[in-house]
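With compact mmCIF, C-alpha atoms and all ligand atoms inside, this is data_10.txt:
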# COMPACT_ATOMS: atom_id res chain seq x y z
CA MET U 22 5.91 4.95 14.98
CA ARG U 23 7.17 7.49 12.44
CA ALA U 24 5.79 10.42 10.42
CA MET U 25 4.73 9.40 6.89
CA ARG U 26 2.98 11.09 3.99
CA ALA U 27 0.80 9.38 1.34
CA THR U 28 -0.65 10.79 -1.85
CA ALA U 29 -3.55 8.87 -3.42
CA HIS U 30 -5.49 9.86 -6.50
CA THR U 31 -9.22 9.66 -6.70
CA ASN U 32 -11.08 7.46 -9.14
CA ILE U 33 -14.34 7.59 -11.08
CA ALA U 34 -16.33 4.40 -11.49
CA LEU U 35 -17.09 3.43 -15.08
CA VAL U 36 -19.21 0.56 -13.72
CA LYS U 37 -20.64 1.60 -10.37
CA TYR U 38 -20.44 0.22 -6.87
CA TRP U 39 -23.76 0.90 -5.16
CA GLY U 40 -24.97 -1.35 -2.35
CA LYS U 41 -23.39 -3.58 0.27
CA ARG U 42 -23.52 -7.32 0.81
CA PRO U 43 -25.68 -8.25 3.77
CA ASP U 44 -23.26 -10.99 4.88
CA GLY U 45 -19.68 -10.72 6.07
CA GLY U 46 -20.34 -8.25 8.90
CA ARG U 47 -20.62 -4.49 8.62
CA ASP U 48 -17.01 -3.70 9.32
CA LEU U 49 -15.84 -5.60 6.23
CA ASN U 50 -17.84 -3.23 3.99
CA LEU U 51 -18.26 -5.81 1.22
CA PRO U 52 -19.85 -4.43 -1.97
CA ALA U 53 -23.02 -6.05 -3.39
CA VAL U 54 -21.66 -5.49 -6.91
CA GLY U 55 -18.24 -5.36 -8.53
CA SER U 56 -16.98 -2.11 -10.06
CA LEU U 57 -14.49 -0.76 -12.59
CA SER U 58 -12.79 2.62 -12.37
CA MET U 59 -10.38 5.08 -13.91
CA THR U 60 -7.90 6.74 -11.55
CA LEU U 61 -7.62 10.49 -12.17
CA ASP U 62 -4.39 12.44 -12.49
CA GLU U 63 -5.08 15.71 -10.70
CA TYR U 64 -7.69 15.14 -8.02
CA ARG U 65 -5.89 13.63 -5.05
CA THR U 66 -5.58 13.59 -1.29
CA VAL U 67 -2.32 14.11 0.56
CA THR U 68 -2.33 12.77 4.11
CA VAL U 69 0.33 12.87 6.80
CA VAL U 70 0.13 10.59 9.84
CA ARG U 71 2.55 11.32 12.68
CA PRO U 72 2.92 10.32 16.33
CA ARG U 73 1.34 12.59 18.91
CA ALA U 74 1.94 12.76 22.67
CA ALA U 75 -1.61 13.89 23.54
CA ALA U 76 -4.91 12.38 22.27
CA ASP U 77 -5.62 11.81 18.53
CA ALA U 78 -6.06 15.00 16.49
CA PHE U 79 -7.39 15.05 12.92
CA ALA U 80 -7.59 17.89 10.40
CA LEU U 81 -9.03 18.07 6.90
CA ASP U 82 -8.01 21.05 4.75
CA GLY U 83 -6.80 22.84 7.89
CA ALA U 84 -10.07 22.45 9.86
CA THR U 85 -10.27 20.16 12.91
CA LEU U 86 -12.43 17.08 12.38
CA THR U 87 -14.97 16.33 15.11
CA GLY U 88 -17.97 14.06 15.69
CA ALA U 89 -18.80 11.28 13.22
CA ALA U 90 -16.09 12.29 10.75
CA ALA U 91 -13.40 12.08 13.46
CA ASP U 92 -14.81 8.75 14.71
CA ARG U 93 -14.56 7.34 11.18
CA VAL U 94 -10.87 8.27 10.99
CA ALA U 95 -10.10 6.87 14.47
CA LYS U 96 -11.87 3.63 13.61
CA HIS U 97 -9.82 3.33 10.47
CA LEU U 98 -6.54 3.90 12.30
CA ASP U 99 -7.61 1.13 14.70
CA ARG U 100 -8.21 -1.24 11.77
CA VAL U 101 -4.76 -0.55 10.36
CA TRP U 102 -3.18 -0.98 13.79
CA ARG U 103 -4.97 -4.29 14.44
CA THR U 104 -3.33 -5.86 11.39
CA ARG U 105 -0.19 -5.99 13.59
CA GLY U 106 -1.91 -8.62 15.74
CA ALA U 107 -3.34 -8.70 19.26
CA GLU U 108 0.07 -8.56 20.95
CA ALA U 109 0.72 -5.08 19.54
CA GLY U 110 -1.15 -3.49 22.49
CA PRO U 111 -3.06 -0.21 22.35
CA ARG U 112 -2.67 2.00 19.29
CA PRO U 113 -0.40 5.04 19.73
CA SER U 114 -2.09 8.44 19.44
CA CYS U 115 -1.87 9.94 15.98
CA GLU U 116 -2.01 13.34 14.35
CA VAL U 117 -3.63 13.12 10.92
CA ASP U 118 -3.40 16.02 8.51
CA SER U 119 -5.24 15.63 5.23
CA VAL U 120 -5.48 17.98 2.28
CA ASN U 121 -7.96 17.29 -0.49
CA HIS U 122 -6.97 18.51 -3.92
CA VAL U 123 -10.53 17.66 -4.96
CA PRO U 124 -13.80 19.33 -3.90
CA THR U 125 -14.76 17.58 -0.63
CA ALA U 126 -18.05 15.66 -0.27
CA ALA U 127 -19.68 16.85 -3.47
CA GLY U 128 -19.91 13.49 -5.21
CA LEU U 129 -16.44 13.95 -6.62
CA ALA U 130 -15.07 10.85 -4.95
CA SER U 131 -13.02 12.50 -2.22
CA SER U 132 -13.67 9.55 0.11
CA ALA U 133 -11.90 7.27 -2.39
CA SER U 134 -8.63 9.21 -2.37
CA GLY U 135 -9.15 10.15 1.30
CA PHE U 136 -9.35 6.63 2.66
CA ALA U 137 -6.69 5.32 0.27
CA ALA U 138 -4.25 8.02 1.44
CA LEU U 139 -5.19 7.52 5.09
CA THR U 140 -4.69 3.75 4.81
CA LEU U 141 -1.27 4.12 3.21
CA ALA U 142 0.01 6.89 5.50
CA ALA U 143 -1.26 5.08 8.61
CA ALA U 144 0.13 1.71 7.54
CA ALA U 145 3.53 3.25 6.79
CA ALA U 146 3.52 5.28 10.03
CA LEU U 147 2.33 2.49 12.32
CA SER U 148 4.25 -0.42 10.85
CA GLU U 149 7.73 -0.51 9.32
CA ASP U 150 7.03 -3.20 6.75
CA MET U 151 3.39 -2.99 5.59
CA VAL U 152 3.97 -0.54 2.77
CA GLU U 153 7.57 -1.37 1.84
CA GLY U 154 6.64 -4.39 -0.31
CA MET U 155 3.85 -2.56 -2.11
CA ALA U 156 5.65 -2.03 -5.39
CA GLU U 157 7.24 -5.49 -5.53
CA GLY U 158 6.37 -9.16 -5.60
CA ASP U 159 2.98 -10.48 -6.71
CA GLY U 160 1.11 -7.46 -5.37
CA ALA U 161 -0.17 -9.27 -2.27
CA ASP U 162 0.86 -6.41 0.02
CA ARG U 163 -0.99 -3.87 -2.05
CA ARG U 164 -4.09 -6.07 -2.22
CA LEU U 165 -4.05 -6.25 1.57
CA LEU U 166 -3.79 -2.47 1.83
CA SER U 167 -6.59 -2.15 -0.72
CA ALA U 168 -8.82 -4.43 1.37
CA LEU U 169 -8.09 -2.27 4.40
CA ALA U 170 -8.94 0.89 2.44
CA ARG U 171 -12.23 -0.73 1.32
CA ARG U 172 -13.27 -1.09 4.94
CA GLY U 173 -12.96 2.69 5.29
CA SER U 174 -14.82 3.39 2.03
CA GLY U 175 -15.60 0.93 -0.77
CA SER U 176 -14.39 3.11 -3.64
CA ALA U 177 -11.07 3.70 -1.83
CA ALA U 178 -10.06 0.08 -2.53
CA ARG U 179 -9.65 1.09 -6.20
CA SER U 180 -7.40 4.11 -5.50
CA LEU U 181 -4.48 1.85 -4.53
CA TRP U 182 -3.53 1.71 -8.22
CA GLY U 183 -3.20 4.16 -11.07
CA GLY U 184 -4.71 3.38 -14.48
CA PHE U 185 -7.89 1.31 -14.62
CA VAL U 186 -8.92 -0.84 -11.67
CA ARG U 187 -11.53 -3.53 -11.11
CA LEU U 188 -12.95 -4.44 -7.71
CA ASP U 189 -14.63 -7.85 -7.67
CA ARG U 190 -17.54 -8.48 -5.36
CA GLY U 191 -16.42 -11.92 -4.25
CA GLU U 192 -18.49 -14.65 -2.64
CA GLU U 193 -16.62 -15.59 0.54
CA ALA U 194 -18.14 -14.39 3.81
CA ASP U 195 -14.78 -13.17 5.13
CA GLY U 196 -14.21 -11.01 2.04
CA ARG U 197 -11.02 -12.78 1.00
CA ASP U 198 -12.06 -12.87 -2.66
CA CYS U 199 -13.34 -9.28 -2.69
CA ILE U 200 -10.21 -8.04 -4.36
CA ALA U 201 -9.21 -5.00 -6.35
CA ARG U 202 -6.66 -5.30 -9.14
CA PRO U 203 -5.39 -3.16 -12.02
CA VAL U 204 -6.80 -4.25 -15.40
CA ALA U 205 -4.93 -1.74 -17.59
CA SER U 206 -2.05 0.64 -16.88
CA ARG U 207 -2.34 4.42 -17.17
CA HIS U 208 -0.48 4.23 -20.50
CA HIS U 209 -2.97 1.74 -21.98
CA TRP U 210 -5.23 4.42 -23.46
CA ASP U 211 -5.06 8.21 -23.65
CA LEU U 212 -8.49 8.98 -22.23
CA LYS U 213 -9.81 12.05 -20.46
CA MET U 214 -12.51 12.39 -17.86
CA LEU U 215 -14.16 15.81 -18.10
CA ILE U 216 -15.41 16.87 -14.70
CA VAL U 217 -18.41 19.12 -15.24
CA HIS U 218 -19.21 21.01 -12.04
CA THR U 219 -22.92 21.84 -11.96
CA THR U 220 -22.98 23.55 -8.57
CA THR U 221 -20.73 24.51 -5.67
CA GLY U 222 -21.12 23.07 -2.17
CA ALA U 223 -21.51 19.69 -0.48
CA LYS U 224 -24.06 16.93 -1.16
CA THR U 225 -26.84 16.24 1.31
CA VAL U 226 -27.02 12.44 1.54
CA GLY U 227 -23.78 10.45 1.88
CA SER U 228 -23.21 7.31 -0.20
CA THR U 229 -23.43 4.90 2.73
CA GLY U 230 -26.88 6.17 3.79
CA GLY U 231 -28.06 6.37 0.18
CA MET U 232 -27.14 2.74 -0.49
CA GLU U 233 -28.97 1.62 2.64
CA LEU U 234 -32.10 3.52 1.61
CA CYS U 235 -32.04 1.95 -1.87
CA LYS U 236 -31.54 -1.56 -0.53
CA ASN U 237 -34.41 -1.17 1.94
CA THR U 238 -36.98 0.65 -0.18
CA SER U 239 -36.23 0.65 -3.92
CA PRO U 240 -38.04 -2.02 -5.98
CA TYR U 241 -35.32 -1.59 -8.63
CA TYR U 242 -32.42 -2.35 -6.31
CA GLY U 243 -32.59 -6.12 -6.91
CA ALA U 244 -32.54 -5.63 -10.69
CA TRP U 245 -29.59 -3.26 -10.32
CA VAL U 246 -27.58 -5.84 -8.41
CA ALA U 247 -28.62 -8.74 -10.67
CA SER U 248 -27.54 -7.00 -13.88
CA SER U 249 -24.25 -5.48 -12.78
CA GLN U 250 -21.90 -8.46 -13.23
CA ARG U 251 -22.64 -8.54 -16.96
CA ASP U 252 -21.86 -4.82 -17.20
CA LEU U 253 -18.61 -5.32 -15.30
CA ASP U 254 -17.40 -8.11 -17.56
CA SER U 255 -18.36 -6.40 -20.77
CA ALA U 256 -16.90 -3.02 -19.70
CA THR U 257 -13.63 -4.72 -18.71
CA SER U 258 -13.18 -6.36 -22.09
CA ARG U 259 -14.19 -3.21 -23.99
CA LEU U 260 -11.66 -1.25 -21.96
CA GLN U 261 -8.96 -3.78 -22.74
CA ASN U 262 -9.88 -3.58 -26.46
CA ARG U 263 -9.92 0.24 -26.41
CA ASP U 264 -13.50 0.22 -27.67
CA LEU U 265 -14.70 3.66 -26.54
CA ARG U 266 -18.20 3.41 -27.95
CA GLY U 267 -18.72 0.00 -26.35
CA LEU U 268 -17.26 1.08 -23.02
CA GLY U 269 -19.18 4.36 -23.06
CA GLU U 270 -22.50 2.62 -23.66
CA VAL U 271 -22.02 0.25 -20.73
CA MET U 272 -20.77 3.10 -18.54
CA GLU U 273 -23.87 5.23 -19.20
CA HIS U 274 -26.13 2.23 -18.69
CA SER U 275 -24.54 1.44 -15.32
CA CYS U 276 -24.90 5.07 -14.21
CA PHE U 277 -28.53 5.46 -15.27
CA LYS U 278 -29.51 2.13 -13.71
CA MET U 279 -27.93 3.17 -10.41
CA HIS U 280 -29.77 6.50 -10.47
CA ALA U 281 -33.05 4.81 -11.51
CA SER U 282 -32.77 2.64 -8.42
CA MET U 283 -32.18 5.79 -6.33
CA TRP U 284 -35.19 7.58 -7.86
CA ALA U 285 -37.41 4.60 -7.04
CA ALA U 286 -36.42 4.69 -3.33
CA ARG U 287 -38.80 6.01 -0.68
CA PRO U 288 -38.30 8.90 -0.25
CA PRO U 289 -36.70 9.28 -3.70
CA LEU U 290 -33.00 9.94 -3.66
CA ILE U 291 -32.23 12.63 -6.25
CA TYR U 292 -28.58 13.67 -6.41
CA TRP U 293 -28.98 15.53 -9.71
CA ASN U 294 -30.01 19.10 -10.38
CA GLY U 295 -31.45 20.60 -13.55
CA VAL U 296 -28.01 21.42 -14.93
CA THR U 297 -26.96 17.77 -14.49
CA VAL U 298 -29.71 16.76 -16.91
CA GLU U 299 -28.92 19.54 -19.38
CA VAL U 300 -25.27 18.42 -19.46
CA MET U 301 -26.32 14.80 -20.08
CA ARG U 302 -28.47 15.97 -23.00
CA GLU U 303 -25.63 18.07 -24.41
CA VAL U 304 -23.37 14.99 -24.34
CA GLN U 305 -25.99 13.13 -26.40
CA ARG U 306 -26.28 16.04 -28.86
CA ALA U 307 -22.49 16.24 -29.17
CA ARG U 308 -22.41 12.54 -30.05
CA ALA U 309 -25.03 13.06 -32.70
CA ASP U 310 -22.69 15.72 -34.14
CA GLY U 311 -19.78 13.27 -34.17
CA LEU U 312 -18.06 14.28 -30.90
CA GLN U 313 -17.68 11.02 -29.00
CA GLY U 314 -18.19 11.42 -25.24
CA TRP U 315 -20.14 9.42 -22.66
CA ALA U 316 -21.57 10.66 -19.38
CA THR U 317 -21.65 9.31 -15.86
CA SER U 318 -22.43 10.72 -12.43
CA ASP U 319 -22.12 9.57 -8.83
CA ALA U 320 -23.69 10.46 -5.50
CA GLY U 321 -23.78 14.15 -6.36
CA PRO U 322 -24.92 16.54 -9.10
CA HIS U 323 -21.74 16.73 -11.17
CA VAL U 324 -21.30 15.01 -14.52
CA LYS U 325 -18.18 13.21 -15.68
CA VAL U 326 -17.67 12.74 -19.40
CA LEU U 327 -15.35 10.08 -20.77
CA CYS U 328 -13.67 10.82 -24.10
CA GLU U 329 -10.43 10.38 -26.00
CA ALA U 330 -7.77 13.04 -25.33
CA ALA U 331 -8.02 14.30 -28.93
CA THR U 332 -11.73 15.16 -28.48
CA ALA U 333 -11.42 16.75 -25.04
CA ASP U 334 -10.96 20.42 -26.01
CA ALA U 335 -13.94 20.48 -28.37
CA LEU U 336 -16.16 18.74 -25.81
CA VAL U 337 -15.04 21.06 -23.00
CA ALA U 338 -16.02 24.08 -25.11
CA ARG U 339 -19.49 22.63 -25.73
CA LEU U 340 -20.07 21.71 -22.11
CA GLU U 341 -18.89 25.11 -20.84
CA SER U 342 -21.62 26.70 -22.94
CA VAL U 343 -24.43 24.83 -21.12
CA VAL U 344 -26.29 27.36 -18.96
CA GLY U 345 -25.55 26.80 -15.25
CA VAL U 346 -22.27 24.93 -15.68
CA VAL U 347 -19.79 26.30 -13.13
CA ASP U 348 -16.56 24.78 -14.43
CA VAL U 349 -15.25 22.00 -16.67
CA LYS U 350 -11.94 20.32 -15.95
CA ALA U 351 -10.26 17.75 -18.22
CA LEU U 352 -8.38 15.15 -16.20
CA GLY U 353 -6.17 12.37 -17.52
CA VAL U 354 -5.53 8.84 -16.32
CA GLY U 355 -3.80 9.00 -12.95
CA PRO U 356 -0.73 7.37 -11.40
CA ASP U 357 -0.15 4.96 -8.54
CA PRO U 358 -0.25 6.33 -5.01
CA LYS U 359 2.98 7.47 -3.40
CA VAL U 360 4.31 7.07 0.15
CA GLU U 361 7.25 9.02 1.60
CA ALA U 362 8.77 10.11 4.89
CA ALA U 363 7.33 13.28 6.43
CA THR U 364 8.45 15.53 9.26
C1 LIG E 1 -21.65 6.36 -6.47
O1 LIG E 1 -17.21 4.31 -1.63
O2 LIG E 1 -18.36 6.46 -0.99
O3 LIG E 1 -19.33 6.84 -6.13
O4 LIG E 1 -18.26 2.34 0.95
O5 LIG E 1 -20.21 3.54 1.89
O6 LIG E 1 -17.98 4.68 1.79
P1 LIG E 1 -18.91 3.67 1.15
O7 LIG E 1 -19.32 4.26 -0.26
P2 LIG E 1 -18.46 5.03 -1.36
O8 LIG E 1 -19.47 4.87 -2.58
C2 LIG E 1 -19.16 5.23 -3.89
C3 LIG E 1 -20.38 5.20 -4.71
C4 LIG E 1 -20.28 5.79 -6.10
C5 LIG E 1 -19.92 4.73 -7.13
C6 LIG E 1 -18.50 4.24 -7.14
O9 LIG E 1 -17.56 5.00 -6.85
O10 LIG E 1 -18.33 3.06 -7.52

Can you give me the file's structure in the form of structure tokens?
Amino acid sequence: MRAMRATAHTNIALVKYWGKRPDGGRDLNLPAVGSLSMTLDEYRTVTVVRPRAAADAFALDGATLTGAAADRVAKHLDRVWRTRGAEAGPRPSCEVDSVNHVPTAAGLASSASGFAALTLAAAAALSEDMVEGMAEGDGADRRLLSALARRGSGSAARSLWGGFVRLDRGEEADGRDCIARPVASRHHWDLKMLIVHTTTGAKTVGSTGGMELCKNTSPYYGAWVASSQRDLDSATSRLQNRDLRGLGEVMEHSCFKMHASMWAARPPLIYWNGVTVEVMREVQRARADGLQGWATSDAGPHVKVLCEAATADALVARLESVVGVVDVKALGVGPDPKVEAAT
């Protein structure tokens, strides 16, 4: 084993993943719906995995991880280790040091970059050859790493590539056709994602629990799942054709359907606050004034606004003026992850 560092950028879903397939076994973490995302250029996680003589030790942003969060990391290291086969023996103890350059657990997709970086650093640290072939060949190595990342967190499967990435749901029970792949490079289209922070602090209900609640109690969940494949296909082709209006419409529709299914759960799952709604309305007003931007939001109260780079400054100024907005950041399309030796 050796010390390795991975940097993975987070991603925002343009067509959302929300819900898990009932088949395939829990540890495969197969999504009920396919998704499409844009990798971001600034928000990222940097993770170092190194050998450790004593028991495992994990830290996130300098604080020791304990309890369920630590168990989730240990379980993921085990998954990566098991890809070496049964004869590999027990996994060596690891020290994991992760730094999030993205607000943690506030619906800003830190689990996507977090599990992508952990997968890559662990694979490179625990096995000499798993990551080496990532940039070459037909991409099979990277798809394998992406499938491993998915088992840690579904959205992490998409952070194995820069640019725009699609994760297909697949049909096979063993998940072999649940595959992420890049559909357009980061140079395909000069887009910005404006991250509109509507509060500080962490969210209350994690995505995994929220999805479970929706599946079990929301009468709209079935309709959400049934209509998502059409959104995925149409958003993919609009993205490839650089049709911002078309892509934006599907993106907003996917987001509002996901949240409608959350609102119809029992008890209702409301990730938004009042400022979230005011920002959404400002985006609509801006469009009516000729400023083309489209809104989306995830399992948290922040709003992300997709626009062309040329429109970003004017939209940022409008969104900053909404009462209650804490901060607006304009992020570009992000790069591939990176793996390097650490000390
Ligand atoms: C709303 O990937 O965090 O951001 O697989 O249970 O870890 P788990 O869920 P996670 O869910 C992301 C949900 C979302 C939409 C998306 O990113 O597609």

* Asked: What's the 6 Å shell around range 233-242 of chain U, counting all atoms listed in the file, without same-chain residues fewer than 4 positions away, as a list in words?
  ->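 Once the nearby chain positions are removed, what remains is Ser282, Met283, Ala285, Ala286 and Arg287 of chain U.
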
| request: Dump the neighbourhood of ligand LIG 1 (chain E) as number ranges by chain: all residues within 10 Å, distances computed on only C-alpha atoms and all ligand atoms. | output: U: 31-41, 49-52, 54-58, 126, 128-134, 136, 170-179, 188, 227-233, 275-276, 279-280, 317-321

From the list U:Glu116, U:Asp254, U:Glu303, U:Glu273, the nearest residue to Val69 in chain U using all atoms listed in the file is U:Glu116

CA of Ala316 in chain U sits from CA of Val304 in chain U at a separation of 6.8 Å

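Of the listed residues U:Val246, U:Ala256, U:Leu352, U:Met301, the one whose atoms come nearest to Asp211 in chain U is U:Leu352, with distances taken using all atoms listed in the file.
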
CA of Ala307 in chain U to CA of Met214 in chain U measures 15.6 Å

(message) To one decimal place in Å, what is the distance between CA of Ser148 in chain U and CA of Ser206 in chain U?
(response)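 We find that CA of Ser148 in chain U and CA of Ser206 in chain U lie 28.5 Å from each other.
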
inquiry  = Need to verify the contact set: range 340-348 of chain U, 12 Å, only C-alpha atoms, exclusion of same-chain residues closer than 2 positions in sequence. Can you return it as a ChimeraX atom specification?
reply    = /U:215-222,294-307,312,314,316,322-326,333-338,350-351

### Query
Within 8 Å of (-0.1, 11.8, 8.1), all atoms listed in the file: residues as a PyMOL selection string?
chain U and resi 24-27+68-71+116-119+139+142-143+146+363

- Message: Give me, as a PyMOL selection string, all polymer residues having an atom no more than 12 Å from Ala75 in chain U, counting all atoms listed in the file and skipping those fewer than 5 positions away in the same chain.
- Response: chain U and resi 113-116

Taking all listed atoms of range 250-254 of chain U, build the axis-aligned box, pad each of the six sides by 8 Å, then write its centre and edge lengths in Å to one decimal as lines of an AutoDock Vina configuration file.
center_x = -20.0
center_y = -6.7
center_z = -15.4
size_x = 21.2
size_y = 19.7
size_z = 20.3

Worksheet item: So which one's closest to Ile291 in chain U, U:Val152, U:Ala330, U:Val226, U:Leu165? Using only C-alpha atoms, please.
Response: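 Using only C-alpha atoms, the shortest distance to Ile291 in chain U belongs to U:Val226.
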
- Counting all atoms listed in the file, what is within 8 Å of range 97-105 of chain U, bar same-chain residues fewer than 2 positions away, as a list in words? Arg93, Val94, Ala95, Ala107, Glu108, Ala109, Arg112, Thr140, Ala143, Ala144, Leu147, Ser148, Leu169, Arg172 and Gly173 of chain U

Pick from U:Ala145, U:Met155, U:Leu290, U:Ala78: nearest to Ala90 in chain U, with all atoms listed in the file counted?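 When distances to Ala90 in chain U are compared using all atoms listed in the file, the smallest one comes from U:Ala78.
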
request  = Identify the residues within 10 Å of coordinate (-3.9, 4.4, -14.0) (same frame as the file), considering all atoms listed in the file, and give the answer as a count of residues only.
outcome  = 28

For His122 in chain U, the closest of U:Asp264, U:Asp44, U:Asp82, U:Asp162 counting all atoms listed in the file is U:Asp82

The residue from U:Tyr64, U:Ala309, U:Ile200, U:Ala89 with the smallest atom-to-atom distance to Gly160 in chain U, counting all atoms listed in the file, is U:Ile200
